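Below is one structure, written out as structure tokens; the observations come after it.
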Amino acid sequence: MEGLIKAGYHILAVVTQPDKKVGRKQKVVYSPVKEVALANDLPLYQPVRLSKSDELDELLQLDADFIITAAFGQFLPTKFLKSAKIAAVNVHGSLLPKYRGGAPIQYAVRNGDAETGVTIMEMVKEMDAGDMYAQASLPIRPDETSGEVFEELAPLGRDLLLETLPKIASGEIVKKPQDPSQVVFSPTISKAEERISLKLTAKEAKNLIRALNPDPGAYLVIKGQRLKVWKAEVADDNTSLPAGHLLTNQGRFAISFAGNTVLNLLEVQPNGKKAMAIKDFLNGQGKKFAAGEKIVDED
């Protein structure tokens, strides 16, 4: 949105999710979209659900050339999509048709993909199924988190959108349909998936940790206590111990995983504590665990 404003586009209205209350004090938090809208004195709408709302009736009367969305999180009514005089366009954080849905970046990181990207696509009633206008790719580094990928995709998506919109308006771009045989879905990560399973190899566990950083975070249950893991690395050594055992807490906190693999925890967060480097954990709670014992509860 900032890119559109700086490029001189006339923004008729901004639509974002309602304000949220977070934390114990239930502090009201604005979305970043709302903050930018307020800073630029733009008309703002925050319907709980756009369909059949009073806000929808007002938006339909704006006679907009483009409707542009990014991670809006709601299906838009067909009559609203069709109201755009030129096109209803979505900026999607994957190389479609791979990773349709609400968590494309997290899935790319969790699956250990070497690249991801942005797709500028036509919006239709079916989720992320519209024809594609343009794509741009981005490599994913082996230790990169979802949060870091988000930060890199944002300017990539902005620049691709600004490059593509004039071409859509002029008819220069020919839309490309998605190949149905290549569709992969990426539904929102469930609460159950936040727990690091002992059925995973160390590499798979590391990728899950990367995927859920910075939000909501992946965790192990160690002797009944939840331990969030923010950073980890696959160890060079293997082990004959079954999954869930502690190899050592001397200099490193190494846990066995499936396939005889070993994961070194590097940054953790015990319940009620702040995130800490593993050396600080080893100087405190880590001392009470003995090498060779099973410390991770079964999922």
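Naming works like this for the structure tokens: A, B, ... for the chains as they're shown, residue 1 at the start of each chain, ligands 1 onward in shown order.
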Select from segment 82-192 of chain A every residue with an atom at most 12 Å from any atom of segment 227-231 of chain A, then for each give the shortest pair of atoms and their distance in Å to one decimal, using only C-alpha atoms, rows by chain and rising number, as a tab-separated table.
residue	atom	partner	partner_atom	distance
A:Asp143	CA	A:Lys231	CA	8.9
A:Glu144	CA	A:Lys231	CA	10.2
A:Thr145	CA	A:Lys231	CA	9.2
A:Ser146	CA	A:Trp230	CA	11.6
A:Gly147	CA	A:Trp230	CA	11.7
Once you have the residues from the selection above, write them out as a compact mmCIF listing (two decimals), in the first residue's frame, restricted to N, CA and C atoms.
# COMPACT_ATOMS: atom_id res chain seq x y z
N ASP A 143 19.02 -21.41 6.72
CA ASP A 143 18.71 -21.08 8.11
C ASP A 143 17.67 -19.97 8.24
N GLU A 144 17.08 -19.56 7.13
CA GLU A 144 16.17 -18.43 7.14
C GLU A 144 14.83 -18.80 7.79
N THR A 145 14.28 -17.87 8.56
CA THR A 145 12.98 -18.08 9.20
C THR A 145 11.86 -17.51 8.33
N SER A 146 10.63 -17.90 8.65
CA SER A 146 9.49 -17.35 7.92
C SER A 146 9.44 -15.83 8.04
N GLY A 147 9.75 -15.32 9.22
CA GLY A 147 9.75 -13.88 9.42
C GLY A 147 10.72 -13.17 8.50
**Study point:** Test item: residues at most 12 Å from Ala134 of chain A, only C-alpha atoms, excluding those fewer than 6 positions along its chain, as number ranges by chain
**Key:** A: 89-92, 94-96, 117-122, 156-157, 159-165, 167-168, 172-178
Practice item. Check the DSSP output for the backbone and give back, as a ChimeraX atom specification, the residues of segment 44-140 of chain A in helix (DSSP H, G or I). Key: /A:54-60,78-81,104-110
